[in-house]
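Structure data follow from final04.txt (compact mmCIF, C-alpha atoms):
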```
# COMPACT_ATOMS: atom_id res chain seq x y z
CA MET A 13 104.73 92.59 64.31
CA GLN A 14 103.58 96.18 63.84
CA GLY A 15 101.80 97.54 60.84
CA THR A 16 100.78 100.96 59.74
CA TYR A 17 97.76 102.17 57.89
CA GLY A 18 97.93 105.82 57.03
CA GLN A 19 99.16 107.65 60.10
CA VAL A 20 97.95 105.10 62.65
CA GLU A 21 100.19 102.35 63.97
CA PHE A 22 98.60 99.02 64.87
CA VAL A 23 99.79 96.03 66.90
CA PRO A 24 98.04 92.71 66.27
CA LEU A 25 96.48 91.09 69.32
CA PRO A 26 95.36 87.50 69.82
CA PRO A 27 91.60 87.34 69.21
CA ARG A 28 90.92 85.95 72.70
CA PHE A 29 92.80 88.84 74.33
CA ALA A 30 90.99 91.41 72.17
CA ALA A 31 87.68 89.85 73.23
CA ARG A 32 88.83 90.00 76.87
CA VAL A 33 89.56 93.70 76.49
CA ARG A 34 86.16 94.32 74.88
CA TRP A 35 84.00 92.70 77.53
CA GLY A 36 86.39 92.93 80.48
CA SER A 37 86.65 96.69 80.33
CA VAL A 38 82.87 96.96 80.50
CA VAL A 39 82.62 94.52 83.41
CA VAL A 40 85.42 96.09 85.45
CA GLY A 41 84.43 99.70 84.69
CA SER A 42 80.78 99.10 85.53
CA SER A 43 81.73 97.23 88.70
CA MET A 44 83.96 100.09 89.76
CA ILE A 45 81.16 102.60 89.22
CA ALA A 46 78.65 100.47 91.15
CA GLY A 47 81.16 99.79 93.94
CA THR A 48 82.04 103.46 94.29
CA VAL A 49 78.39 104.52 94.44
CA LEU A 50 77.60 101.80 97.01
CA LEU A 51 80.67 102.70 99.07
CA PHE A 52 79.79 106.40 99.02
CA GLY A 53 76.21 105.59 100.04
CA LEU A 54 77.39 103.38 102.89
CA THR A 55 79.84 106.02 104.07
CA THR A 56 77.28 108.81 104.06
CA PHE A 57 74.80 106.55 105.88
CA LEU A 58 77.36 105.69 108.57
CA GLN A 59 78.39 109.33 108.95
CA GLY A 60 74.71 110.24 109.30
CA VAL A 61 74.33 107.70 112.10
CA VAL A 62 77.49 108.82 113.93
CA HIS A 63 77.24 112.60 113.46
CA GLY A 64 73.57 113.17 112.75
CA HIS A 65 74.19 114.35 109.19
CA ALA A 66 75.94 112.75 106.23
CA PHE A 67 78.56 115.33 105.26
CA PRO A 68 81.11 117.25 107.33
CA ASP A 69 80.26 120.77 108.41
CA THR A 70 83.15 122.56 106.70
CA LEU A 71 83.65 123.02 102.98
CA LEU A 72 87.11 121.43 103.20
CA GLY A 73 85.59 118.37 104.88
CA LYS A 74 82.94 118.09 102.19
CA ALA A 75 85.59 118.30 99.47
CA ALA A 76 87.67 115.63 101.25
CA ALA A 77 84.62 113.36 101.35
CA VAL A 78 83.55 113.83 97.72
CA LEU A 79 86.74 114.20 95.65
CA PRO A 80 88.37 110.73 96.12
CA PRO A 81 85.25 108.85 94.93
CA LEU A 82 85.13 111.21 91.93
CA GLY A 83 88.74 110.23 91.17
CA VAL A 84 87.73 106.56 91.25
CA LEU A 85 84.79 107.28 88.96
CA ALA A 86 87.18 108.97 86.52
CA MET A 87 89.39 105.87 86.67
CA ALA A 88 86.34 103.70 85.95
CA VAL A 89 85.47 105.80 82.91
CA LEU A 90 89.04 105.37 81.65
CA VAL A 91 88.78 101.61 82.09
CA LEU A 92 85.52 101.69 80.13
CA THR A 93 87.24 103.61 77.31
CA CYS A 94 90.00 101.02 76.94
CA ARG A 95 87.77 99.51 74.24
CA ARG A 96 88.41 102.49 71.98
CA CYS A 97 92.06 101.43 71.70
CA LEU A 98 91.00 98.45 69.60
CA ARG A 99 90.25 98.27 65.90
CA GLY A 100 89.13 94.74 65.32
CA ASP A 101 91.87 92.56 66.79
CA TYR A 102 94.49 95.31 66.57
CA LEU A 103 95.66 97.68 69.28
CA VAL A 104 95.93 101.30 68.12
CA VAL A 105 99.27 102.43 69.56
CA ALA A 106 98.45 106.15 69.72
CA SER A 107 95.15 105.59 71.53
CA ALA A 108 96.77 103.12 73.91
CA ALA A 109 99.55 105.59 74.73
CA ALA A 110 97.04 108.38 75.38
CA THR A 111 94.96 106.08 77.59
CA ARG A 112 98.07 104.99 79.51
CA THR A 113 99.01 108.61 80.14
CA ALA A 114 95.47 109.41 81.30
CA LEU A 115 95.45 106.35 83.57
CA VAL A 116 98.73 107.32 85.22
CA PHE A 117 97.66 110.96 85.67
CA THR A 118 94.25 110.00 87.10
CA TYR A 119 95.75 107.39 89.42
CA VAL A 120 98.34 109.81 90.82
CA LEU A 121 95.68 112.50 91.23
CA THR A 122 93.39 110.02 92.99
CA LEU A 123 96.21 108.98 95.32
CA VAL A 124 96.79 112.63 96.23
CA LEU A 125 93.06 113.10 96.84
CA ILE A 126 92.93 109.98 99.03
CA LEU A 127 95.93 111.14 101.03
CA GLY A 128 94.31 114.55 101.41
CA SER A 129 91.00 113.06 102.53
CA PHE A 130 92.91 111.01 105.09
CA ALA A 131 94.80 114.05 106.40
CA VAL A 132 92.00 116.64 106.46
CA PRO A 133 90.11 115.28 109.52
CA VAL A 134 93.41 114.80 111.35
CA VAL A 135 94.66 118.34 110.76
CA PHE A 136 91.38 120.31 110.68
CA ARG A 137 88.18 120.11 112.66
CA VAL A 138 85.55 119.20 110.08
CA TRP A 139 82.72 118.04 112.38
CA ARG A 140 81.28 120.64 114.76
CA ASP A 141 79.70 118.09 117.10
CA SER A 142 83.08 116.84 118.38
CA PRO A 143 85.41 119.28 120.18
CA GLU A 144 88.56 117.39 119.23
CA LEU A 145 89.98 116.46 115.86
CA ALA A 146 88.33 113.42 114.31
CA ALA A 147 89.98 110.25 113.13
CA PRO A 148 89.87 109.71 109.38
CA ASP A 149 87.37 107.28 107.91
CA LEU A 150 89.57 104.23 107.27
CA LEU A 151 86.86 102.21 105.49
CA THR A 152 86.47 104.86 102.83
CA THR A 153 90.20 105.51 102.57
CA PHE A 154 91.28 101.92 102.05
CA SER A 155 88.35 100.84 99.88
CA THR A 156 88.77 103.89 97.64
CA LEU A 157 92.48 103.13 97.39
CA ALA A 158 91.70 99.50 96.52
CA LEU A 159 89.17 100.46 93.82
CA ALA A 160 91.56 103.00 92.29
CA THR A 161 94.44 100.52 92.27
CA ILE A 162 92.33 97.79 90.69
CA GLY A 163 91.15 100.17 87.99
CA PHE A 164 94.69 101.35 87.28
CA LEU A 165 96.13 97.83 87.06
CA VAL A 166 93.31 96.51 84.87
CA GLY A 167 93.49 99.51 82.57
CA MET A 168 97.26 99.14 82.18
CA PHE A 169 96.81 95.40 81.55
CA TYR A 170 94.42 96.17 78.71
CA VAL A 171 96.34 98.96 76.98
CA ARG A 172 99.86 97.67 77.57
CA PRO A 173 99.80 93.87 77.56
CA SER A 174 103.03 92.03 78.21
CA VAL A 175 104.49 89.55 75.74
CA GLN A 176 103.84 86.80 78.27
CA THR A 177 100.16 87.73 78.38
CA LEU A 178 99.92 87.79 74.59
CA ARG A 179 101.54 84.34 74.44
CA LYS A 180 99.07 83.05 76.99
CA PHE A 181 96.08 84.18 74.92
CA SER A 182 97.53 83.32 71.52
CA ASP A 183 96.56 80.26 69.50
CA HIS A 184 99.55 80.74 67.20
CA PRO A 185 103.21 80.96 68.22
CA ILE A 186 103.77 84.42 66.66
CA TRP A 187 104.47 85.93 70.06
```
Written as structure tokens, how would this file's structure read?
Amino acid sequence: MQGTYGQVEFVPLPPRFAARVRWGSVVVGSSMIAGTVLLFGLTTFLQGVVHGHAFPDTLLGKAAAVLPPLGVLAMAVLVLTCRRCLRGDYLVVASAAATRTALVFTYVLTLVLILGSFAVPVVFRVWRDSPELAAPDLLTTFSTLALATIGFLVGMFYVRPSVQTLRKFSDHPIW
């Protein structure tokens, strides 16, 4: 089922699945960006109410607050770029492989950042207004983890579809 044209290898996709990748990547990527911005705004507002200012006092605390949402935004950009793996109704294998590698790397990096942002307030004192160590922000931790996981799974679904998925979207029994 694979064809080559010059140096690029193509895999034919059912037209309905190719259309799903085209508009679905835009919908999911844009939703992830909007959700991350809204979540970050809500978190900074709640921290401002609790502590009197939006960001932790230490540089490490500020990094722990900002870096996980940036990882999710990077994942959203990768989901948006899943469209570039298509040429018409064909999946470009090299582009899809590069996007898969970038998705895995970004997801693992985001998981490390989320784990770090969870551990930083437990191990270090990042807010000067409380004498003891603070509990981590569970809303931000779990919602950031959920957004990153959704982006990873959707991106992998688009650039590495299973045969069962291709059969589901196909009008012809070539799969």
Counting only C-alpha atoms, write as a PyMOL selection string all protein and nucleic acid residues lying at most 12 Å from (83.5, 96.0, 82.3) in the file's frame.
-> chain A and resi 31-46+88-95+163+166-167+170
Could you name the residues that touch A:Thr70 at 10 Å or less, counting all atoms listed in the file, but leaving out those on the same chain fewer than 6 positions away, as a VMD selection string?
-> chain A and resid 76 136 to 140
Can you tell me, as an NGL selection string, what residues are no more than 12 Å from stretch 155-157 of chain A when counting only C-alpha atoms, ignoring any on the same chain fewer than 2 positions away?
-> :A and (44-45 or 47-52 or 54-55 or 77-85 or 87-88 or 119-127 or 129-130 or 149-153 or 159-164)
Using the selection just defined, write its residues with C-alpha atoms as a PDB file, keeping the file's coordinate frame.
```
ATOM      1  CA  MET A  44      83.960 100.090  89.760  1.00  0.00           C
ATOM      2  CA  ILE A  45      81.160 102.600  89.220  1.00  0.00           C
ATOM      3  CA  GLY A  47      81.160  99.790  93.940  1.00  0.00           C
ATOM      4  CA  THR A  48      82.040 103.460  94.290  1.00  0.00           C
ATOM      5  CA  VAL A  49      78.390 104.520  94.440  1.00  0.00           C
ATOM      6  CA  LEU A  50      77.600 101.800  97.010  1.00  0.00           C
ATOM      7  CA  LEU A  51      80.670 102.700  99.070  1.00  0.00           C
ATOM      8  CA  PHE A  52      79.790 106.400  99.020  1.00  0.00           C
ATOM      9  CA  LEU A  54      77.390 103.380 102.890  1.00  0.00           C
ATOM     10  CA  THR A  55      79.840 106.020 104.070  1.00  0.00           C
ATOM     11  CA  ALA A  77      84.620 113.360 101.350  1.00  0.00           C
ATOM     12  CA  VAL A  78      83.550 113.830  97.720  1.00  0.00           C
ATOM     13  CA  LEU A  79      86.740 114.200  95.650  1.00  0.00           C
ATOM     14  CA  PRO A  80      88.370 110.730  96.120  1.00  0.00           C
ATOM     15  CA  PRO A  81      85.250 108.850  94.930  1.00  0.00           C
ATOM     16  CA  LEU A  82      85.130 111.210  91.930  1.00  0.00           C
ATOM     17  CA  GLY A  83      88.740 110.230  91.170  1.00  0.00           C
ATOM     18  CA  VAL A  84      87.730 106.560  91.250  1.00  0.00           C
ATOM     19  CA  LEU A  85      84.790 107.280  88.960  1.00  0.00           C
ATOM     20  CA  MET A  87      89.390 105.870  86.670  1.00  0.00           C
ATOM     21  CA  ALA A  88      86.340 103.700  85.950  1.00  0.00           C
ATOM     22  CA  TYR A 119      95.750 107.390  89.420  1.00  0.00           C
ATOM     23  CA  VAL A 120      98.340 109.810  90.820  1.00  0.00           C
ATOM     24  CA  LEU A 121      95.680 112.500  91.230  1.00  0.00           C
ATOM     25  CA  THR A 122      93.390 110.020  92.990  1.00  0.00           C
ATOM     26  CA  LEU A 123      96.210 108.980  95.320  1.00  0.00           C
ATOM     27  CA  VAL A 124      96.790 112.630  96.230  1.00  0.00           C
ATOM     28  CA  LEU A 125      93.060 113.100  96.840  1.00  0.00           C
ATOM     29  CA  ILE A 126      92.930 109.980  99.030  1.00  0.00           C
ATOM     30  CA  LEU A 127      95.930 111.140 101.030  1.00  0.00           C
ATOM     31  CA  SER A 129      91.000 113.060 102.530  1.00  0.00           C
ATOM     32  CA  PHE A 130      92.910 111.010 105.090  1.00  0.00           C
ATOM     33  CA  ASP A 149      87.370 107.280 107.910  1.00  0.00           C
ATOM     34  CA  LEU A 150      89.570 104.230 107.270  1.00  0.00           C
ATOM     35  CA  LEU A 151      86.860 102.210 105.490  1.00  0.00           C
ATOM     36  CA  THR A 152      86.470 104.860 102.830  1.00  0.00           C
ATOM     37  CA  THR A 153      90.200 105.510 102.570  1.00  0.00           C
ATOM     38  CA  LEU A 159      89.170 100.460  93.820  1.00  0.00           C
ATOM     39  CA  ALA A 160      91.560 103.000  92.290  1.00  0.00           C
ATOM     40  CA  THR A 161      94.440 100.520  92.270  1.00  0.00           C
ATOM     41  CA  ILE A 162      92.330  97.790  90.690  1.00  0.00           C
ATOM     42  CA  GLY A 163      91.150 100.170  87.990  1.00  0.00           C
ATOM     43  CA  PHE A 164      94.690 101.350  87.280  1.00  0.00           C
TER      44      PHE A 164
END
```
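Applying the 7 Å criterion to (97.9, 88.5, 73.2) in file coordinates and using only C-alpha atoms, one obtains the residues Leu25, Pro26, Phe29, Thr177, Leu178, Arg179, Lys180, Phe181 and Ser182 of chain A.
Atom pair atom CA of A:Val116 / atom CA of A:Pro24 has a distance of 23.9 Å (rounded to one decimal).
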Taking only C-alpha atoms into account, which of A:Pro27, A:Gly100, A:Pro173, A:Gly73 comes nearest A:Val132?
->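 When distances to A:Val132 are compared using only C-alpha atoms, the smallest one comes from A:Gly73.
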Regenerate stretch 157-168 of chain A at the level of all heavy atoms and dump it as an mmCIF file, keeping the file's coordinate frame.
```cif
data_model
loop_
_atom_site.group_PDB
_atom_site.id
_atom_site.type_symbol
_atom_site.label_atom_id
_atom_site.label_comp_id
_atom_site.auth_asym_id
_atom_site.auth_seq_id
_atom_site.Cartn_x
_atom_site.Cartn_y
_atom_site.Cartn_z
ATOM 1 N N LEU A 157 91.139 103.462 97.877
ATOM 2 C CA LEU A 157 92.480 103.130 97.390
ATOM 3 C C LEU A 157 92.477 101.791 96.648
ATOM 4 O O LEU A 157 93.099 101.659 95.588
ATOM 5 C CB LEU A 157 93.465 103.096 98.551
ATOM 6 C CG LEU A 157 94.902 102.729 98.214
ATOM 7 C CD1 LEU A 157 95.521 103.761 97.286
ATOM 8 C CD2 LEU A 157 95.717 102.570 99.476
ATOM 9 N N ALA A 158 91.765 100.811 97.177
ATOM 10 C CA ALA A 158 91.700 99.500 96.520
ATOM 11 C C ALA A 158 90.999 99.599 95.155
ATOM 12 O O ALA A 158 91.479 99.035 94.168
ATOM 13 C CB ALA A 158 90.966 98.504 97.410
ATOM 14 N N LEU A 159 89.884 100.311 95.097
ATOM 15 C CA LEU A 159 89.170 100.460 93.820
ATOM 16 C C LEU A 159 90.026 101.204 92.791
ATOM 17 O O LEU A 159 90.068 100.817 91.610
ATOM 18 C CB LEU A 159 87.853 101.196 94.031
ATOM 19 C CG LEU A 159 86.710 100.385 94.628
ATOM 20 C CD1 LEU A 159 85.552 101.294 94.986
ATOM 21 C CD2 LEU A 159 86.261 99.307 93.674
ATOM 22 N N ALA A 160 90.706 102.242 93.219
ATOM 23 C CA ALA A 160 91.560 103.000 92.290
ATOM 24 C C ALA A 160 92.711 102.147 91.789
ATOM 25 O O ALA A 160 93.048 102.173 90.604
ATOM 26 C CB ALA A 160 92.083 104.264 92.964
ATOM 27 N N THR A 161 93.315 101.371 92.670
ATOM 28 C CA THR A 161 94.440 100.520 92.270
ATOM 29 C C THR A 161 93.988 99.417 91.321
ATOM 30 O O THR A 161 94.671 99.125 90.334
ATOM 31 C CB THR A 161 95.121 99.927 93.515
ATOM 32 O OG1 THR A 161 95.530 101.003 94.366
ATOM 33 C CG2 THR A 161 96.316 99.083 93.143
ATOM 34 N N ILE A 162 92.858 98.821 91.591
ATOM 35 C CA ILE A 162 92.330 97.790 90.690
ATOM 36 C C ILE A 162 92.053 98.376 89.319
ATOM 37 O O ILE A 162 92.412 97.786 88.288
ATOM 38 C CB ILE A 162 91.051 97.154 91.288
ATOM 39 C CG1 ILE A 162 91.421 96.269 92.474
ATOM 40 C CG2 ILE A 162 90.299 96.346 90.234
ATOM 41 C CD1 ILE A 162 90.227 95.806 93.277
ATOM 42 N N GLY A 163 91.437 99.528 89.272
ATOM 43 C CA GLY A 163 91.150 100.170 87.990
ATOM 44 C C GLY A 163 92.423 100.503 87.227
ATOM 45 O O GLY A 163 92.512 100.295 86.015
ATOM 46 N N PHE A 164 93.421 101.019 87.922
ATOM 47 C CA PHE A 164 94.690 101.350 87.280
ATOM 48 C C PHE A 164 95.362 100.096 86.716
ATOM 49 O O PHE A 164 95.803 100.087 85.559
ATOM 50 C CB PHE A 164 95.612 102.048 88.280
ATOM 51 C CG PHE A 164 96.979 102.312 87.749
ATOM 52 C CD1 PHE A 164 97.186 103.298 86.803
ATOM 53 C CD2 PHE A 164 98.063 101.570 88.171
ATOM 54 C CE1 PHE A 164 98.461 103.547 86.290
ATOM 55 C CE2 PHE A 164 99.329 101.802 87.679
ATOM 56 C CZ PHE A 164 99.525 102.794 86.737
ATOM 57 N N LEU A 165 95.445 99.045 87.512
ATOM 58 C CA LEU A 165 96.130 97.830 87.060
ATOM 59 C C LEU A 165 95.394 97.158 85.897
ATOM 60 O O LEU A 165 96.023 96.707 84.934
ATOM 61 C CB LEU A 165 96.294 96.855 88.225
ATOM 62 C CG LEU A 165 97.245 97.312 89.328
ATOM 63 C CD1 LEU A 165 97.228 96.330 90.487
ATOM 64 C CD2 LEU A 165 98.643 97.499 88.785
ATOM 65 N N VAL A 166 94.079 97.114 85.967
ATOM 66 C CA VAL A 166 93.310 96.510 84.870
ATOM 67 C C VAL A 166 93.434 97.340 83.601
ATOM 68 O O VAL A 166 93.632 96.799 82.508
ATOM 69 C CB VAL A 166 91.827 96.347 85.288
ATOM 70 C CG1 VAL A 166 90.947 96.021 84.095
ATOM 71 C CG2 VAL A 166 91.701 95.264 86.338
ATOM 72 N N GLY A 167 93.341 98.653 83.740
ATOM 73 C CA GLY A 167 93.490 99.510 82.570
ATOM 74 C C GLY A 167 94.853 99.367 81.921
ATOM 75 O O GLY A 167 94.974 99.285 80.695
ATOM 76 N N MET A 168 95.911 99.319 82.726
ATOM 77 C CA MET A 168 97.260 99.140 82.180
ATOM 78 C C MET A 168 97.414 97.760 81.547
ATOM 79 O O MET A 168 98.101 97.604 80.538
ATOM 80 C CB MET A 168 98.305 99.357 83.263
ATOM 81 C CG MET A 168 98.394 100.793 83.722
ATOM 82 S SD MET A 168 98.774 101.960 82.421
ATOM 83 C CE MET A 168 100.533 101.793 82.363
#
```
